[in-house]
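K.L.:
First the structure, then my questions, so here it is.
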Amino acid sequence: MTVETTAPVAPELARTASSVRGVLLDLDRPCWVIRDSIGIGLTSLESVAGSREVLAAVGPLSPQSLGDSRFTAFHGIGYAYAAGAMANGISSPDLVTAMARAGYLATYGAAGIVASKIDSALAALSANLGDTPFACNLIHSPTEPALERAIVDACLRHGVRCVEASAFMGLSHEVVRYRLSGLSLDAAGRTVRGHRLIAKVSRVEVAELFLRPAPRAIVAALVARGDVTADQARWSEQIPMADDITAEADSGGHTDRRPMTVLFPELVSARDRVHRELPALGEVRIGAAGGIGTPAAAAAAFAMGAAYVVTGSINQATVEADQSVATKALLATAGVADCTMAPSSDMFELGVQVQVLRRGTMFAARAQRLYEMYREYDGLDSIPPRDRVELESTIMGRELDSIWNECTSYFGERDPAQLRGAEADPKRKMALVFRWYLGLSSGWSIRGDAERVTDYQIWCGPAIGAFNGWTAGTALADPAGRRVADVAQHMMIGAAYLTRIAQLRAAGVRLPSEATHYIPARAGRS
């Protein structure tokens with residue numbers, strides 16, 4: 001059945017693309033597809049539908065009803081939509097606050113930040129938001145365990161009740177410490193999970209670790225250190241490490257660039273298998289992240305069964321993100337093919353890569369050159385003079401000895417163990433010097449350092465290009481008009497709208513093509 005777009009218009013039925021769109025956007029009302037003497041049209045009025053031949057119908061579908069209601073109830077939020085962490089505080093307190101007050105979950109980007117600044121940010125968020133839910137990122141830092149410890153300490157100190165764990169390849173003592181230290185019993189003797197944990201993963205073997213209880217060896221070590229009690233250790237056997245697992249597909253930053261259609265079902269199968277084996281743990285919810293830059297992508301994720309969706313790259317160019325105007329302008333012009341992989345700062349020695357913006361910056365090529373040198377030479381003194389000149393003049397922009405002096409000051413405050421390792425191992429020293437560039441390059445981007453534009457490290461995935469294409473010509477095209485909560489609202493309204501269209505298509509209804517896209521208000525229009 002096809003909704004006619006050229007038939008005479010009866011006032012009760014929507015037949016043109018604009019009027020059909022209006023009916024479908026009335027998300028709080030049912031939608032009926034009606035045949036009358038003129039043809040086929042749509043209505044949201046029961047009085048009209050009751051007197052005509054009904055060919056198909058869909059019920060109300062508010063944005064709040066998308067996803068798993070257990071996710072929203074458990075976290076105390078209004079929508080199954082979260083703004084994921086962006087390191088170095090790009091997911092700023094302002095961004096987290098704006099999202100939290102609008103009914104969404106958002107994660108403060110604590111990765112890469114010195115302990116004192118993390119502490120100040122969490123103190124401010126806790127004071128400003130009170131009981132309004134928010135999360136803090138805990139990124140796996142195998143080469144800098146002090147960073148993980150500092151983040152967990154700050155979360156415990158300021159009563160942060162939810163952590164988004166990311167980039168983990170195995171469970172660390174600190175992520176287990178956070179999870180277990182929040183356990184208690186209620187009056188009925190049931191285990192209360194005072195510390196909620198969302199694990200962002202891209203591999204099924206990592207998901208398995210979060211689907212099961214904490215490893216006994218780690219738990220025993222935490223008890224021996226006095227970090228958790230014997231009771232909490234015993235209660236930990238009754239819960240999985242994570243309440244929710246986010247399937248991280250082709251995202252910005254740390255990613256394996258897996259297709260969502262492959263990764264998500266794989267994690268659901270693993271969840272179901274573990275649940276059959278250990279039903280007493282309860283069922284862990286599975287959400288979707290990576291490549292979600294349009295309402296169509298969000299709707300597709302919900303159609304696959306995602307309990308919630310997580311956005312990242314598209315939030316980096318919003319008003320509240322702690323990112324420079326220059327970088328937001330670069331992000332706003334990016335296409336879906338303008339991303340590439342580059343060595344990461346936090347796991348440089350392990351060869352781990354992150355996805356970054358390629359357009360407008362030479363960071364990826366220069367970072368790869370550093371990794372090639374790291375693999376080739378045993379230390380800074382082993383680098384041939386010609387290569388050292390290239391390194392200092394073209395990439396680093398500084399003499400290596402001067403950079404090492406900065407490294408000693410930095411790690412002296414942040415993690416002195418790194419300096420002790422460098423004293424014993426020249427290759428370790430070389431890694432710290434190279435990580436100076438990798439670490440500061442994101443800071444140059446955040447500050448908008450005009451002298452280092454070609455060295456900007458901008459974490460993002462292809463979702464930003466899809467978002468730019470979707471919002472072209474609208475009020476959201478200009479970064480100055482991108483408010484993070486407005487973006488979230490349009491994403492969820494659009495996802496609900498497109499889900500209704502999919503439901504009608506499944507019933508055999510063909511709608512005018514102009515009505516099958518959700519587009520935010522055009523620039524200059526309400």
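Every chain in the structure tokens takes a letter, A first, then B, and so on in the order presented; its residues are numbered from 1, and the ligands are numbered from 1 following the presented order.
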Counting only C-alpha atoms, what is within 10 Å of region 432-440 of chain A, bar same-chain residues fewer than 6 positions away, as a PyMOL selection string?

P.N.:
chain A and resi 88+112+342-349+363-364+366-367+370-371+373-374+380+391+395-397+400-408+410-411+418-419+422+426+446+455-457

K.L.:
Please determine, counting only C-alpha atoms, which residue among A:Ala306, A:Ala488, A:Ala188, A:Leu156 has the shortest atom-to-atom distance to Thr294 (chain A).

P.N.:
A:Ala488

K.L.:
Skip Gln238 (chain A) itself and residues of its chain fewer than 5 positions away, then list as a compact mmCIF listing (two decimals) with N, CA, C and O atoms, in the first residue's frame all residues within 8 Å of it, counting only C-alpha atoms.

P.N.:
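Dumped to out08.txt:
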```txt
# COMPACT_ATOMS: atom_id res chain seq x y z
N THR A 191 22.23 -8.28 47.92
CA THR A 191 23.43 -7.51 47.61
C THR A 191 23.07 -6.22 46.87
O THR A 191 22.37 -6.25 45.86
N PRO A 213 31.94 -12.78 37.86
CA PRO A 213 32.39 -12.15 39.11
C PRO A 213 33.88 -11.82 39.05
O PRO A 213 34.63 -12.34 38.22
N ALA A 280 22.28 -16.94 38.47
CA ALA A 280 22.10 -16.19 39.71
C ALA A 280 22.72 -14.79 39.64
O ALA A 280 22.37 -13.92 40.43
N LEU A 281 23.65 -14.57 38.71
CA LEU A 281 24.30 -13.26 38.61
C LEU A 281 23.37 -12.20 38.05
O LEU A 281 23.61 -11.01 38.22
```

K.L.:
I'd like to know which of A:Gly443, A:Pro295, A:Glu320, A:Ile90 is closest to Tyr518 (chain A), using only C-alpha atoms.

P.N.:
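That would be A:Pro295, the residue with the smallest distance to Tyr518 (chain A).
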
K.L.:
Considering only C-alpha atoms, return as a ChimeraX atom specification whatever protein or nucleic-acid residues lie within 6 Å of region 328-335 of chain A, sequence-local ones (same chain, fewer than 3 positions apart) excluded.

P.N.:
/A:317,325,338,465

K.L.:
Output all heavy atoms for every residue in that selection, as a PDB file, in the first residue's frame.

P.N.:
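Dumped to out-v6.pdb:
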```pdb
ATOM      1  N   ALA A 317      32.350  18.354  19.166  1.00  0.00           N
ATOM      2  CA  ALA A 317      32.221  19.662  18.521  1.00  0.00           C
ATOM      3  C   ALA A 317      31.049  20.458  19.079  1.00  0.00           C
ATOM      4  O   ALA A 317      30.581  21.399  18.446  1.00  0.00           O
ATOM      5  CB  ALA A 317      32.066  19.492  17.016  1.00  0.00           C
ATOM      6  N   VAL A 325      38.057  26.182  19.554  1.00  0.00           N
ATOM      7  CA  VAL A 325      37.236  26.600  18.421  1.00  0.00           C
ATOM      8  C   VAL A 325      37.842  26.106  17.109  1.00  0.00           C
ATOM      9  O   VAL A 325      37.133  25.661  16.203  1.00  0.00           O
ATOM     10  CB  VAL A 325      37.090  28.137  18.409  1.00  0.00           C
ATOM     11  CG1 VAL A 325      36.402  28.613  17.131  1.00  0.00           C
ATOM     12  CG2 VAL A 325      36.318  28.603  19.636  1.00  0.00           C
ATOM     13  N   ASP A 338      37.471  10.678   6.655  1.00  0.00           N
ATOM     14  CA  ASP A 338      38.567  11.559   7.083  1.00  0.00           C
ATOM     15  C   ASP A 338      39.207  11.132   8.401  1.00  0.00           C
ATOM     16  O   ASP A 338      39.771  11.965   9.121  1.00  0.00           O
ATOM     17  CB  ASP A 338      38.063  12.997   7.199  1.00  0.00           C
ATOM     18  CG  ASP A 338      37.798  13.627   5.845  1.00  0.00           C
ATOM     19  OD1 ASP A 338      38.460  13.218   4.868  1.00  0.00           O
ATOM     20  OD2 ASP A 338      36.928  14.516   5.749  1.00  0.00           O
ATOM     21  N   GLY A 465      31.562  12.467  10.544  1.00  0.00           N
ATOM     22  CA  GLY A 465      31.254  12.773   9.152  1.00  0.00           C
ATOM     23  C   GLY A 465      29.795  12.537   8.832  1.00  0.00           C
ATOM     24  O   GLY A 465      29.164  13.333   8.116  1.00  0.00           O
TER      25      GLY A 465
END
```

K.L.:
Got a sec: who's within 6 Å of Gly287 (chain A), counting only C-alpha atoms, leaving out chain neighbours fewer than 6 positions off, as number ranges by chain?

P.N.:
A: 246-247, 306-309

K.L.:
If you run DSSP on the backbone here, which positions in region 311-352 of chain A get strand (DSSP E)? Please write them as a list in words.

P.N.:
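Output for region 311-352 of chain A, strand (DSSP E) only: Thr311, Cys339, Thr340, Met341, Ala342 and Pro343 of chain A.
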
K.L.:
Using only C-alpha atoms, pick whichever of A:Asn315, A:Gln323, A:Thr394, A:Thr261 has the shortest atom-to-atom distance to Asp449 (chain A).

P.N.:
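Of the candidates, the smallest distance to Asp449 (chain A) is held by A:Gln323.
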
K.L.:
Quick one: residues within 8 Å of region 120-133 of chain A, only C-alpha atoms counted, chain neighbours fewer than 3 positions away excluded, as a tab-separated table (two decimals) with N, CA and C atoms, in the first residue's frame?

P.N.:
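Contents of around.tsv, freshly written:
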```
chain	number	residue	atom	x	y	z
A	75	HIS	N	19.91	3.36	36.34
A	75	HIS	CA	20.81	4.52	36.42
A	75	HIS	C	20.08	5.81	36.81
A	76	GLY	N	18.77	5.76	36.90
A	76	GLY	CA	18.03	6.93	37.33
A	76	GLY	C	18.00	8.06	36.31
A	77	ILE	N	17.88	7.72	35.02
A	77	ILE	CA	17.90	8.71	33.95
A	77	ILE	C	16.62	8.58	33.11
A	93	PRO	N	33.25	18.97	32.72
A	93	PRO	CA	32.18	19.11	33.72
A	93	PRO	C	30.96	19.83	33.17
A	97	THR	N	27.36	18.09	33.11
A	97	THR	CA	26.27	18.77	33.82
A	97	THR	C	25.08	19.02	32.91
A	100	ALA	N	23.36	15.65	32.24
A	100	ALA	CA	22.72	15.11	33.43
A	100	ALA	C	21.43	15.85	33.75
A	101	ARG	N	21.44	17.16	33.63
A	101	ARG	CA	20.25	17.95	33.94
A	101	ARG	C	19.15	17.78	32.91
A	105	LEU	N	22.69	10.25	30.73
A	105	LEU	CA	23.92	9.89	31.43
A	105	LEU	C	25.11	10.40	30.63
A	116	SER	N	45.19	15.99	40.58
A	116	SER	CA	44.60	17.16	41.24
A	116	SER	C	43.44	17.73	40.44
A	117	LYS	N	43.56	17.72	39.11
A	117	LYS	CA	42.48	18.26	38.28
A	117	LYS	C	41.28	17.32	38.27
A	154	ALA	N	39.76	9.27	43.68
A	154	ALA	CA	38.93	10.47	43.56
A	154	ALA	C	37.44	10.10	43.50
A	155	CYS	N	37.11	9.04	42.79
A	155	CYS	CA	35.71	8.60	42.71
A	155	CYS	C	35.18	8.22	44.09
A	158	HIS	N	34.70	11.36	46.39
A	158	HIS	CA	33.60	12.28	46.08
A	158	HIS	C	32.27	11.55	45.82
A	159	GLY	N	32.22	10.28	46.18
A	159	GLY	CA	30.97	9.55	46.10
A	159	GLY	C	30.43	9.35	44.70
A	160	VAL	N	31.31	9.19	43.73
A	160	VAL	CA	30.88	8.94	42.35
A	160	VAL	C	30.32	7.51	42.28
A	161	ARG	N	29.07	7.41	41.85
A	161	ARG	CA	28.38	6.12	41.93
A	161	ARG	C	28.39	5.32	40.64
A	162	CYS	N	29.00	5.87	39.59
A	162	CYS	CA	29.03	5.13	38.31
A	162	CYS	C	30.36	5.40	37.61
```

K.L.:
What's the 8 Å shell around Gly78 (chain A), counting only C-alpha atoms, without same-chain residues fewer than 4 positions away, as a short mmCIF file (atom, residue, chain, number, x, y, z; two decimals) with all heavy atoms, in the first residue's frame?

P.N.:
```cif
data_model
loop_
_atom_site.label_atom_id
_atom_site.label_comp_id
_atom_site.auth_asym_id
_atom_site.auth_seq_id
_atom_site.Cartn_x
_atom_site.Cartn_y
_atom_site.Cartn_z
N GLN A 64 11.71 8.43 25.16
CA GLN A 64 12.01 7.81 26.45
C GLN A 64 11.74 6.31 26.45
O GLN A 64 12.25 5.59 27.32
CB GLN A 64 11.16 8.46 27.56
CG GLN A 64 11.51 9.92 27.83
CD GLN A 64 10.66 10.87 27.02
OE1 GLN A 64 10.25 10.56 25.91
NE2 GLN A 64 10.41 12.05 27.58
N THR A 72 17.45 2.60 32.09
CA THR A 72 17.12 3.94 32.57
C THR A 72 16.72 3.91 34.04
O THR A 72 17.09 4.82 34.80
CB THR A 72 15.99 4.55 31.72
OG1 THR A 72 14.87 3.65 31.68
CG2 THR A 72 16.47 4.79 30.30
N GLY A 103 18.50 14.79 31.68
CA GLY A 103 17.99 13.43 31.83
C GLY A 103 18.80 12.35 31.14
O GLY A 103 18.33 11.22 30.99
N TYR A 104 20.02 12.68 30.73
CA TYR A 104 20.89 11.72 30.07
C TYR A 104 22.08 11.39 30.97
O TYR A 104 22.45 12.17 31.85
CB TYR A 104 21.42 12.28 28.75
CG TYR A 104 20.35 12.69 27.78
CD1 TYR A 104 19.91 14.02 27.72
CD2 TYR A 104 19.79 11.78 26.90
CE1 TYR A 104 18.93 14.42 26.81
CE2 TYR A 104 18.81 12.16 25.98
CZ TYR A 104 18.39 13.49 25.95
OH TYR A 104 17.42 13.88 25.06
#
```

K.L.:
DSSP on the backbone: which residues in region 206-396 of chain A end up as helix (DSSP H, G or I)? Give the answer as an MDAnalysis selection string.

P.N.:
chainID A and resid 206:211 216:225 230:238 260:277 279:281 295:304 313:315 325:332 348:350 363:376 380:382 385:396

K.L.:
So how many Å separate CA of Ser313 (chain A) and CA of Ala242 (chain A), to one decimal?

P.N.:
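Rounded to one decimal, the two atoms are 23.9 Å apart.
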
K.L.:
For Ser445 (chain A), which of A:Leu357, A:Ala326, A:Ala297, A:Ala496 is the closest residue, counting only C-alpha atoms?

P.N.:
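Of the candidates, the smallest distance to Ser445 (chain A) is held by A:Ala326.
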
K.L.:
In Å, rounded to a single decimal, give me how far CA of Ile34 (chain A) is from CA of Ala14 (chain A).

P.N.:
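One can read the CA of Ala14 (chain A) to CA of Ile34 (chain A) distance as 9.6 Å.
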
K.L.:
Taking only C-alpha atoms into account, which of A:Val192, A:Ala83, A:Ala365, A:Leu147 comes nearest Ala288 (chain A)?

P.N.:
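Using only C-alpha atoms, Ala288 (chain A) sits closest to A:Ala83.
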